[in-house]
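This is protein23.tsv. It holds TSV, C-alpha atoms.
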```tsv
chain	number	residue	atom	x	y	z
A	6	MET	CA	-22.08	2.82	-5.20
A	7	LYS	CA	-20.53	0.71	-7.90
A	8	ALA	CA	-16.79	0.31	-8.21
A	9	LEU	CA	-16.63	2.35	-11.43
A	10	LYS	CA	-18.16	5.47	-9.85
A	11	GLN	CA	-15.91	5.02	-6.84
A	12	LEU	CA	-12.87	4.80	-9.10
A	13	GLY	CA	-14.08	8.00	-10.74
A	14	ILE	CA	-14.09	9.76	-7.36
A	15	ILE	CA	-10.55	8.57	-6.57
A	16	ILE	CA	-9.18	9.47	-10.02
A	17	THR	CA	-10.73	12.94	-9.76
A	18	ILE	CA	-9.17	13.47	-6.33
A	19	LEU	CA	-5.82	12.30	-7.71
A	20	LEU	CA	-6.16	14.71	-10.65
A	21	VAL	CA	-6.86	17.60	-8.27
A	22	GLY	CA	-3.87	16.54	-6.16
A	23	GLN	CA	-1.60	16.54	-9.20
A	24	ILE	CA	-2.89	19.91	-10.42
A	25	LEU	CA	-2.28	21.42	-6.98
A	26	GLN	CA	1.21	19.91	-6.86
A	27	GLN	CA	2.16	21.28	-10.27
A	28	HIS	CA	0.49	24.64	-9.91
A	29	PHE	CA	2.09	25.45	-6.55
A	30	ASN	CA	5.26	23.48	-7.29
A	31	LEU	CA	4.87	21.57	-4.02
A	32	PRO	CA	7.59	19.17	-2.80
A	33	ILE	CA	4.80	16.66	-1.96
A	34	PRO	CA	3.96	14.07	-4.65
A	35	GLY	CA	0.55	14.52	-6.31
A	36	THR	CA	-0.50	11.06	-5.13
A	37	VAL	CA	0.19	11.98	-1.52
A	38	MET	CA	-1.69	15.26	-2.00
A	39	GLY	CA	-4.58	13.13	-3.23
A	40	MET	CA	-4.32	10.95	-0.14
A	41	ILE	CA	-4.43	14.03	2.12
A	42	ILE	CA	-7.42	15.44	0.20
A	43	LEU	CA	-9.32	12.15	0.53
A	44	LEU	CA	-8.58	11.96	4.26
A	45	VAL	CA	-9.77	15.54	4.80
A	46	LEU	CA	-12.95	14.94	2.77
A	47	LEU	CA	-13.68	11.83	4.85
A	48	LEU	CA	-12.97	13.58	8.16
A	49	LEU	CA	-15.20	16.53	7.19
A	50	LYS	CA	-17.90	13.99	6.22
A	51	ILE	CA	-18.09	15.55	2.74
A	52	LEU	CA	-17.40	12.06	1.39
A	53	LYS	CA	-19.00	9.04	2.99
A	54	LEU	CA	-16.78	6.04	3.63
A	55	GLN	CA	-19.20	3.82	1.65
A	56	TRP	CA	-18.59	5.94	-1.45
A	57	VAL	CA	-14.97	4.87	-1.68
A	58	GLU	CA	-14.80	1.74	0.45
A	59	LYS	CA	-15.28	-0.82	-2.32
A	60	ILE	CA	-12.66	0.58	-4.70
A	61	SER	CA	-10.18	1.08	-1.88
A	62	SER	CA	-10.44	-2.52	-0.76
A	63	ILE	CA	-10.07	-3.70	-4.38
A	64	LEU	CA	-6.97	-1.55	-4.92
A	65	LEU	CA	-5.34	-2.28	-1.56
A	66	GLU	CA	-5.97	-6.01	-1.93
A	67	HIS	CA	-3.97	-5.98	-5.17
A	68	LEU	CA	-1.42	-3.43	-4.01
A	69	SER	CA	1.63	-5.68	-4.16
A	70	PHE	CA	0.72	-6.85	-7.68
A	71	LEU	CA	0.65	-3.23	-8.85
A	72	PHE	CA	4.35	-2.95	-7.96
A	73	VAL	CA	5.46	-5.72	-10.31
A	74	PRO	CA	6.21	-3.45	-13.34
A	75	ALA	CA	7.99	-0.94	-11.10
A	76	GLY	CA	10.18	-3.72	-9.77
A	77	VAL	CA	10.96	-5.01	-13.25
A	78	GLY	CA	12.15	-1.45	-13.94
A	79	ILE	CA	15.27	-2.34	-11.91
A	80	LEU	CA	16.36	-3.98	-15.18
A	81	THR	CA	17.13	-0.54	-16.60
A	82	SER	CA	19.50	0.34	-13.77
A	83	LEU	CA	21.18	-2.99	-13.03
A	84	ASP	CA	24.61	-1.48	-13.85
A	85	LYS	CA	24.26	0.85	-10.84
A	86	PHE	CA	24.10	-2.19	-8.54
A	87	LYS	CA	27.23	-3.86	-9.84
A	88	GLY	CA	29.73	-4.70	-7.08
A	89	LYS	CA	27.55	-2.87	-4.55
A	90	VAL	CA	25.14	-5.62	-3.59
A	91	ILE	CA	26.66	-6.45	-0.19
A	92	PRO	CA	27.17	-2.88	1.08
A	93	LEU	CA	23.67	-1.99	-0.14
A	94	PHE	CA	22.20	-4.97	1.69
A	95	ILE	CA	24.02	-3.95	4.89
A	96	VAL	CA	22.77	-0.35	4.61
A	97	VAL	CA	19.19	-1.51	4.05
A	98	MET	CA	19.19	-3.97	6.96
A	99	VAL	CA	21.00	-1.77	9.48
A	100	SER	CA	18.85	1.27	8.78
A	101	THR	CA	15.70	-0.86	9.02
A	102	ILE	CA	16.82	-2.04	12.47
A	103	VAL	CA	17.63	1.56	13.47
A	104	VAL	CA	14.12	2.72	12.51
A	105	MET	CA	12.55	-0.19	14.41
A	106	VAL	CA	14.51	0.33	17.60
A	107	VAL	CA	14.23	4.13	17.72
A	108	THR	CA	10.50	4.11	16.90
A	109	GLY	CA	9.68	1.20	19.21
A	110	VAL	CA	11.64	2.45	22.21
A	111	THR	CA	10.32	6.02	21.84
A	112	VAL	CA	6.66	5.00	21.54
A	113	GLN	CA	6.94	2.53	24.43
A	114	LEU	CA	8.54	5.14	26.68
A	115	LEU	CA	5.97	7.81	25.86
A	116	VAL	CA	2.93	5.53	26.11
A	117	LYS	CA	4.08	4.23	29.52
A	118	ASN	CA	4.79	7.77	30.68
A	119	LYS	CA	1.29	8.84	29.72
A	120	LYS	CA	-0.20	5.97	31.72
A	121	GLY	CA	1.98	6.99	34.68
A	122	GLU	CA	0.57	10.50	34.53
A	123	LYS	CA	-2.97	9.22	34.77
A	124	ILE	CA	-2.17	7.31	37.99
A	125	TRP	CA	-0.54	10.39	39.35
B	6	MET	CA	8.52	-14.08	-32.62
B	7	VAL	CA	9.35	-11.06	-30.47
B	8	GLU	CA	7.51	-8.67	-32.81
B	9	TYR	CA	4.23	-10.38	-31.92
B	10	LEU	CA	4.83	-9.38	-28.29
B	11	ASN	CA	4.97	-5.69	-29.12
B	12	THR	CA	1.55	-5.04	-27.58
B	13	PRO	CA	0.44	-3.99	-24.08
B	14	LEU	CA	-1.22	-7.39	-23.75
B	15	PHE	CA	2.16	-9.10	-23.34
B	16	GLY	CA	3.28	-7.03	-20.33
B	17	VAL	CA	-0.07	-7.38	-18.60
B	18	ALA	CA	-0.32	-11.12	-19.25
B	19	ILE	CA	3.21	-11.97	-18.10
B	20	SER	CA	2.83	-9.77	-14.98
B	21	ILE	CA	-0.35	-11.54	-13.91
B	22	ALA	CA	1.10	-14.97	-14.69
B	23	ALA	CA	4.34	-14.26	-12.82
B	24	PHE	CA	2.47	-12.91	-9.79
B	25	ALA	CA	0.21	-15.96	-9.71
B	26	LEU	CA	3.32	-18.14	-9.81
B	27	GLY	CA	4.80	-16.10	-6.95
B	28	GLN	CA	1.69	-16.52	-4.84
B	29	PHE	CA	1.67	-20.25	-5.52
B	30	ILE	CA	5.31	-20.70	-4.51
B	31	ASN	CA	4.84	-18.50	-1.46
B	32	LYS	CA	1.84	-20.53	-0.26
B	33	LYS	CA	3.55	-23.83	-0.92
B	34	PHE	CA	6.77	-23.11	0.98
B	35	LYS	CA	5.60	-20.51	3.51
B	36	ILE	CA	9.02	-18.85	3.68
B	37	SER	CA	8.88	-15.08	3.91
B	38	ILE	CA	11.90	-14.56	1.64
B	39	LEU	CA	9.87	-16.23	-1.11
B	40	ASN	CA	7.67	-13.16	-1.33
B	41	PRO	CA	5.25	-13.18	-4.32
B	42	LEU	CA	6.39	-9.73	-5.45
B	43	LEU	CA	10.05	-10.68	-5.30
B	44	ILE	CA	9.48	-13.95	-7.17
B	45	SER	CA	7.40	-12.36	-9.93
B	46	ILE	CA	9.89	-9.52	-10.50
B	47	ALA	CA	12.80	-11.99	-10.67
B	48	ALA	CA	10.85	-14.32	-13.00
B	49	ILE	CA	9.94	-11.52	-15.43
B	50	ILE	CA	13.46	-10.09	-15.46
B	51	GLY	CA	14.80	-13.59	-16.14
B	52	PHE	CA	12.29	-14.10	-18.95
B	53	LEU	CA	13.08	-10.75	-20.61
B	54	ILE	CA	16.82	-11.35	-20.45
B	55	TYR	CA	16.59	-14.97	-21.64
B	56	PHE	CA	14.43	-14.16	-24.66
B	57	ASN	CA	16.22	-10.88	-25.27
B	58	ILE	CA	13.06	-8.78	-25.05
B	59	ASP	CA	13.42	-5.03	-24.50
B	60	TYR	CA	12.15	-3.54	-21.27
B	61	GLU	CA	10.20	-1.00	-23.39
B	62	ILE	CA	8.17	-3.81	-24.93
B	63	TYR	CA	7.32	-5.22	-21.51
B	64	ASN	CA	6.54	-1.78	-20.18
B	65	LYS	CA	3.81	-1.14	-22.75
B	66	GLY	CA	1.70	-3.41	-20.57
B	67	GLY	CA	3.62	-2.66	-17.39
B	68	SER	CA	2.75	1.02	-17.50
B	69	ILE	CA	-0.95	0.18	-17.64
B	70	ILE	CA	-0.63	-1.75	-14.37
B	71	GLY	CA	1.58	0.97	-12.91
B	72	PHE	CA	-1.10	3.56	-13.67
B	73	PHE	CA	-3.24	2.13	-10.87
B	74	LEU	CA	-0.54	2.81	-8.27
B	75	GLY	CA	-1.71	6.44	-8.24
B	76	PRO	CA	-5.29	5.71	-7.17
B	77	ALA	CA	-3.97	2.96	-4.85
B	78	THR	CA	-1.86	5.53	-2.99
B	79	VAL	CA	-4.82	7.89	-2.66
B	80	VAL	CA	-6.96	5.19	-1.03
B	81	LEU	CA	-4.30	4.61	1.66
B	82	ALA	CA	-6.29	7.41	3.33
B	83	VAL	CA	-9.09	4.90	3.96
B	84	PRO	CA	-7.30	2.64	6.49
B	85	LEU	CA	-5.91	5.77	8.11
B	86	TYR	CA	-9.43	7.20	8.41
B	87	LYS	CA	-10.75	3.94	9.85
B	88	GLN	CA	-8.12	4.02	12.59
B	89	ILE	CA	-8.27	7.71	13.32
B	90	LYS	CA	-9.62	6.94	16.82
B	91	LEU	CA	-6.55	4.89	17.72
B	92	LEU	CA	-4.37	7.64	16.33
B	93	LYS	CA	-6.13	10.33	18.39
B	94	GLN	CA	-5.85	8.21	21.53
B	95	HIS	CA	-2.07	7.97	21.35
B	96	ALA	CA	-1.40	10.83	18.97
B	97	LEU	CA	1.67	12.33	20.58
B	98	PRO	CA	3.67	9.14	21.32
B	99	ILE	CA	2.88	7.81	17.84
B	100	ILE	CA	3.83	10.94	15.93
B	101	ILE	CA	6.98	11.62	17.98
B	102	GLY	CA	8.01	7.95	17.69
B	103	ILE	CA	7.51	7.81	13.92
B	104	PHE	CA	9.20	11.17	13.46
B	105	LEU	CA	12.32	10.23	15.46
B	106	GLY	CA	12.45	6.75	13.92
B	107	SER	CA	12.25	8.14	10.39
B	108	ILE	CA	14.96	10.74	11.08
B	109	ALA	CA	17.23	8.10	12.64
B	110	GLY	CA	16.63	5.85	9.64
B	111	ILE	CA	17.54	8.53	7.11
B	112	ALA	CA	20.58	9.57	9.16
B	113	SER	CA	21.80	5.97	9.31
B	114	ILE	CA	21.38	5.63	5.53
B	115	ILE	CA	23.45	8.75	4.89
B	116	ILE	CA	26.19	7.81	7.37
B	117	LEU	CA	26.46	4.21	6.11
B	118	SER	CA	26.36	5.27	2.45
B	119	LYS	CA	29.25	7.65	3.03
B	120	LEU	CA	31.06	4.92	4.95
B	121	PHE	CA	30.71	2.45	2.07
B	122	ASN	CA	31.42	5.16	-0.47
B	123	LEU	CA	28.16	4.51	-2.34
B	124	ASP	CA	27.24	6.68	-5.33
B	125	GLU	CA	25.05	9.61	-4.43
B	126	ILE	CA	22.25	8.34	-6.68
B	127	LEU	CA	22.16	5.09	-4.66
B	128	MET	CA	22.08	7.01	-1.37
B	129	ILE	CA	19.24	9.24	-2.57
B	130	SER	CA	17.31	6.24	-3.82
B	131	LEU	CA	17.75	4.59	-0.38
B	132	ILE	CA	16.35	7.50	1.64
B	133	PRO	CA	12.60	6.81	1.25
B	134	LYS	CA	12.97	3.02	1.55
B	135	SER	CA	11.10	2.52	4.84
B	136	THR	CA	7.89	4.04	3.49
B	137	THR	CA	5.32	2.16	1.48
B	138	ALA	CA	6.37	1.61	-2.16
B	139	ALA	CA	3.79	3.94	-3.72
B	140	ILE	CA	4.94	6.86	-1.60
B	141	ALA	CA	8.61	5.83	-1.66
B	142	MET	CA	8.80	5.87	-5.46
B	143	ASP	CA	7.19	9.30	-5.61
B	144	ILE	CA	9.56	10.68	-2.96
B	145	SER	CA	12.49	9.14	-4.85
B	146	LYS	CA	11.42	10.90	-8.05
B	147	GLU	CA	10.90	14.14	-6.15
B	148	ILE	CA	14.39	14.21	-4.57
B	149	GLY	CA	16.26	13.00	-7.66
B	150	GLY	CA	16.62	9.27	-7.04
B	151	ILE	CA	15.76	6.34	-9.32
B	152	PRO	CA	12.25	5.09	-8.44
B	153	ALA	CA	12.93	1.53	-9.68
B	154	LEU	CA	15.98	1.24	-7.40
B	155	THR	CA	13.99	2.62	-4.47
B	156	MET	CA	11.32	0.04	-5.22
B	157	GLY	CA	13.91	-2.73	-4.87
B	158	PHE	CA	15.14	-1.33	-1.53
B	159	VAL	CA	11.55	-1.04	-0.32
B	160	VAL	CA	10.93	-4.73	-0.98
B	161	VAL	CA	14.14	-5.85	0.78
B	162	THR	CA	13.33	-3.53	3.70
B	163	GLY	CA	9.86	-5.04	3.98
B	164	ILE	CA	11.05	-8.63	3.99
B	165	GLY	CA	13.98	-7.80	6.29
B	166	GLY	CA	11.73	-6.14	8.85
B	167	TYR	CA	9.22	-8.97	8.62
B	168	ILE	CA	11.88	-11.53	9.52
B	169	ILE	CA	13.99	-9.59	11.99
B	170	GLY	CA	11.27	-7.64	13.87
B	171	PRO	CA	10.40	-10.19	16.57
B	172	PHE	CA	14.11	-10.67	17.46
B	173	ILE	CA	14.68	-6.92	17.67
B	174	PHE	CA	11.69	-6.48	19.99
B	175	LYS	CA	13.00	-9.19	22.31
B	176	LEU	CA	16.53	-7.80	22.25
B	177	PHE	CA	15.46	-4.24	23.06
B	178	LYS	CA	12.61	-5.23	25.38
B	179	ILE	CA	9.93	-3.55	23.28
B	180	GLU	CA	6.82	-5.20	24.73
B	181	ASN	CA	4.08	-2.59	24.45
B	182	GLU	CA	1.51	-3.50	21.74
B	183	VAL	CA	1.22	0.03	20.39
B	184	ALA	CA	5.01	0.41	20.25
B	185	LYS	CA	5.49	-2.90	18.41
B	186	GLY	CA	2.82	-2.08	15.81
B	187	ILE	CA	4.06	1.44	15.14
B	188	SER	CA	7.63	0.19	14.92
B	189	PHE	CA	6.71	-2.47	12.34
B	190	GLY	CA	4.75	-0.09	10.13
B	191	THR	CA	7.33	2.69	10.30
B	192	ALA	CA	10.33	0.47	9.55
B	193	SER	CA	8.89	-1.94	7.03
B	194	HIS	CA	5.52	-0.71	5.71
B	195	ALA	CA	2.95	-3.26	4.51
B	196	MET	CA	5.14	-6.34	4.88
B	197	GLY	CA	5.92	-5.39	8.47
B	198	THR	CA	2.19	-4.89	8.93
B	199	ALA	CA	1.53	-8.43	7.73
B	200	LYS	CA	3.77	-9.70	10.54
B	201	ALA	CA	2.22	-7.28	13.05
B	202	MET	CA	-1.22	-8.66	12.18
B	203	GLU	CA	0.03	-12.19	12.92
B	204	ILE	CA	1.19	-11.01	16.37
B	205	GLY	CA	-2.04	-9.28	17.36
B	206	GLU	CA	-4.98	-7.07	16.46
B	207	VAL	CA	-3.72	-3.88	18.12
B	208	GLU	CA	-0.27	-4.41	16.62
B	209	GLY	CA	-1.79	-4.85	13.15
B	210	ALA	CA	-4.02	-1.78	13.35
B	211	MET	CA	-1.18	0.34	14.72
B	212	SER	CA	1.19	-0.88	12.05
B	213	SER	CA	-1.14	-0.08	9.15
B	214	LEU	CA	-1.75	3.33	10.63
B	215	ALA	CA	2.01	3.88	10.88
B	216	ILE	CA	2.42	3.18	7.13
B	217	SER	CA	0.39	6.23	6.16
B	218	VAL	CA	1.72	8.48	8.92
B	219	ALA	CA	5.37	7.50	8.30
B	220	GLY	CA	4.83	8.02	4.57
B	221	LEU	CA	3.46	11.50	5.14
B	222	ILE	CA	6.22	12.44	7.59
B	223	THR	CA	8.92	11.21	5.19
B	224	VAL	CA	7.34	13.15	2.33
B	225	PHE	CA	8.06	16.34	4.25
B	226	LEU	CA	11.33	15.15	5.76
B	227	ALA	CA	13.11	13.95	2.60
B	228	PRO	CA	13.25	17.26	0.65
B	229	PHE	CA	14.38	18.96	3.85
B	230	VAL	CA	17.21	16.45	4.31
B	231	MET	CA	18.21	16.93	0.66
B	232	ARG	CA	18.46	20.68	1.19
B	233	LEU	CA	20.63	20.13	4.28
B	234	LEU	CA	22.88	17.75	2.32
B	235	SER	CA	23.35	20.15	-0.58
B	236	MET	CA	24.33	22.87	1.86
B	237	TYR	CA	27.47	21.09	2.93
```
Target format structure tokens, applied to this file:
Amino acid sequence: MKALKQLGIIITILLVGQILQQHFNLPIPGTVMGMIILLVLLLLKILKLQWVEKISSILLEHLSFLFVPAGVGILTSLDKFKGKVIPLFIVVMVSTIVVMVVTGVTVQLLVKNKKGEKIW
Amino acid sequence: MVEYLNTPLFGVAISIAAFALGQFINKKFKISILNPLLISIAAIIGFLIYFNIDYEIYNKGGSIIGFFLGPATVVLAVPLYKQIKLLKQHALPIIIGIFLGSIAGIASIIILSKLFNLDEILMISLIPKSTTAAIAMDISKEIGGIPALTMGFVVVTGIGGYIIGPFIFKLFKIENEVAKGISFGTASHAMGTAKAMEIGEVEGAMSSLAISVAGLITVFLAPFVMRLLSMY
């Protein structure tokens, strides 16, 4: 299927996700609802992977470019950064390390444990 | 002169040009801090300030590009679907690991923010920072943060994780391939995944899977944390 039709499928799913989010006042963003809907449709084989594969690779390939305007938006809230750059940097780095260590150590422990059980 | 730029064409053109410049510089110097996204954002901000052009004028074009972030978030389901087998194989360790890691990350943000006496709006905007930018900005909006600030934190988190990851794994003796991949994706989304892919195939696959799973977990976790915070 051509990219345009595939984009149509994705936009429609996103629209449904947003309608659901607004109608039920869900705390989940409409985009994430759309992502869940697409995953479910793929898992249930209602949608074939080929029907969305082309548009998804186009979009994901350009994903970081799509964030440029959002990043430029920082311009409108520069005053909130003033004098806070160093503490903010420390918070960002330390919490990133915390996530890495906790996630990594937990997964490693559990995966090894599982292997141990099999030998048992 | 500026009045001629009052068209969506300007924002789109300068965004593409700046990103191309960023990619060129990144390829030439091969230093991860010189990330194309970071360079292009800095270049455009510099340009707008230097020529005294309003953000609103830029954003006429910018919002057209930003529109495609919605569909781009939806299609994050595709890599997740492709790796569903890997996920099923190690489902429990992966989900528990991402869940605990994300909670620890949010807790550390709150504790450190209080410690540094940061404004609440900054703290809230920091909370979703380990998830991928598309999801992070939506979570930020949802819990009352400033999406553009969150976006900045997301980029720094990505680059930080990319650089520091291998040292952290050595220091804490994280050697398992699955653990390394999940850790990269959970802590520093797509940029962490880029590094994970350099390290190995399993690491890369696991990391890209972790982006979607961590994003989903944080989507549910963040409003819950906000409710806890408002309680006390």
Would you mind listing, for every residue of segment 75-189 of chain B within 8 Å of segment 73-83 of chain A, the two atoms forming the shortest contact and the distance between them in Å to one decimal, using all atoms listed in the file, sorted by chain and ascending residue number, as CSV?
```
residue,atom,partner,partner_atom,distance
B:Pro152,CA,A:Ala75,CA,7.8
B:Ala153,CA,A:Ile79,CA,5.0
B:Leu154,CA,A:Ile79,CA,5.8
B:Met156,CA,A:Gly76,CA,6.0
B:Gly157,CA,A:Gly76,CA,6.2
```
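Going from atom CA of Asn30 of chain A to atom CA of Ala109 of chain B covers 27.9 Å.
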At what distance in Å, to one decimal, does atom CA of Asp124 of chain B lie from atom CA of Phe104 of chain B?
->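 Pair atom CA of Phe104 of chain B / atom CA of Asp124 of chain B returns 26.4 Å.
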Contacts of Val96 of chain A at 9 Å or less, counting all atoms listed in the file, minus same-chain residues fewer than 6 places along, as a PDB file with C-alpha atoms, in the frame of the given file?
```pdb
ATOM      1  CA  SER B 113      21.800   5.970   9.310  1.00  0.00           C
ATOM      2  CA  ILE B 114      21.380   5.630   5.530  1.00  0.00           C
ATOM      3  CA  LEU B 117      26.460   4.210   6.110  1.00  0.00           C
ATOM      4  CA  SER B 118      26.360   5.270   2.450  1.00  0.00           C
ATOM      5  CA  PHE B 121      30.710   2.450   2.070  1.00  0.00           C
ATOM      6  CA  LEU B 131      17.750   4.590  -0.380  1.00  0.00           C
TER       7      LEU B 131
END
```
Contacts of Phe225 of chain B within 12 Å, all atoms listed in the file, excl. fewer than 2 positions in-chain, as a PyMOL selection string | (chain A and resi 31-34+37-38) or (chain B and resi 104+107-108+133+140+144+147-148+218-223+227-232)
Once you count all atoms listed in the file, which residues of chain A turn out to be within 8 Å of chain B? Could you give them as JSON, numbers by chain?
-> {"A": [12, 15, 16, 18, 19, 32, 33, 34, 36, 37, 39, 40, 41, 43, 44, 47, 48, 54, 58, 61, 64, 65, 68, 69, 70, 71, 72, 73, 74, 75, 76, 77, 78, 79, 80, 81, 82, 85, 89, 92, 96, 97, 98, 99, 100, 101, 102, 103, 104, 105, 106, 107, 108, 109, 110, 111, 112, 113, 115, 116]}
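Atom CA of Thr17 of chain A is found 17.5 Å from atom CA of Ile63 of chain A.
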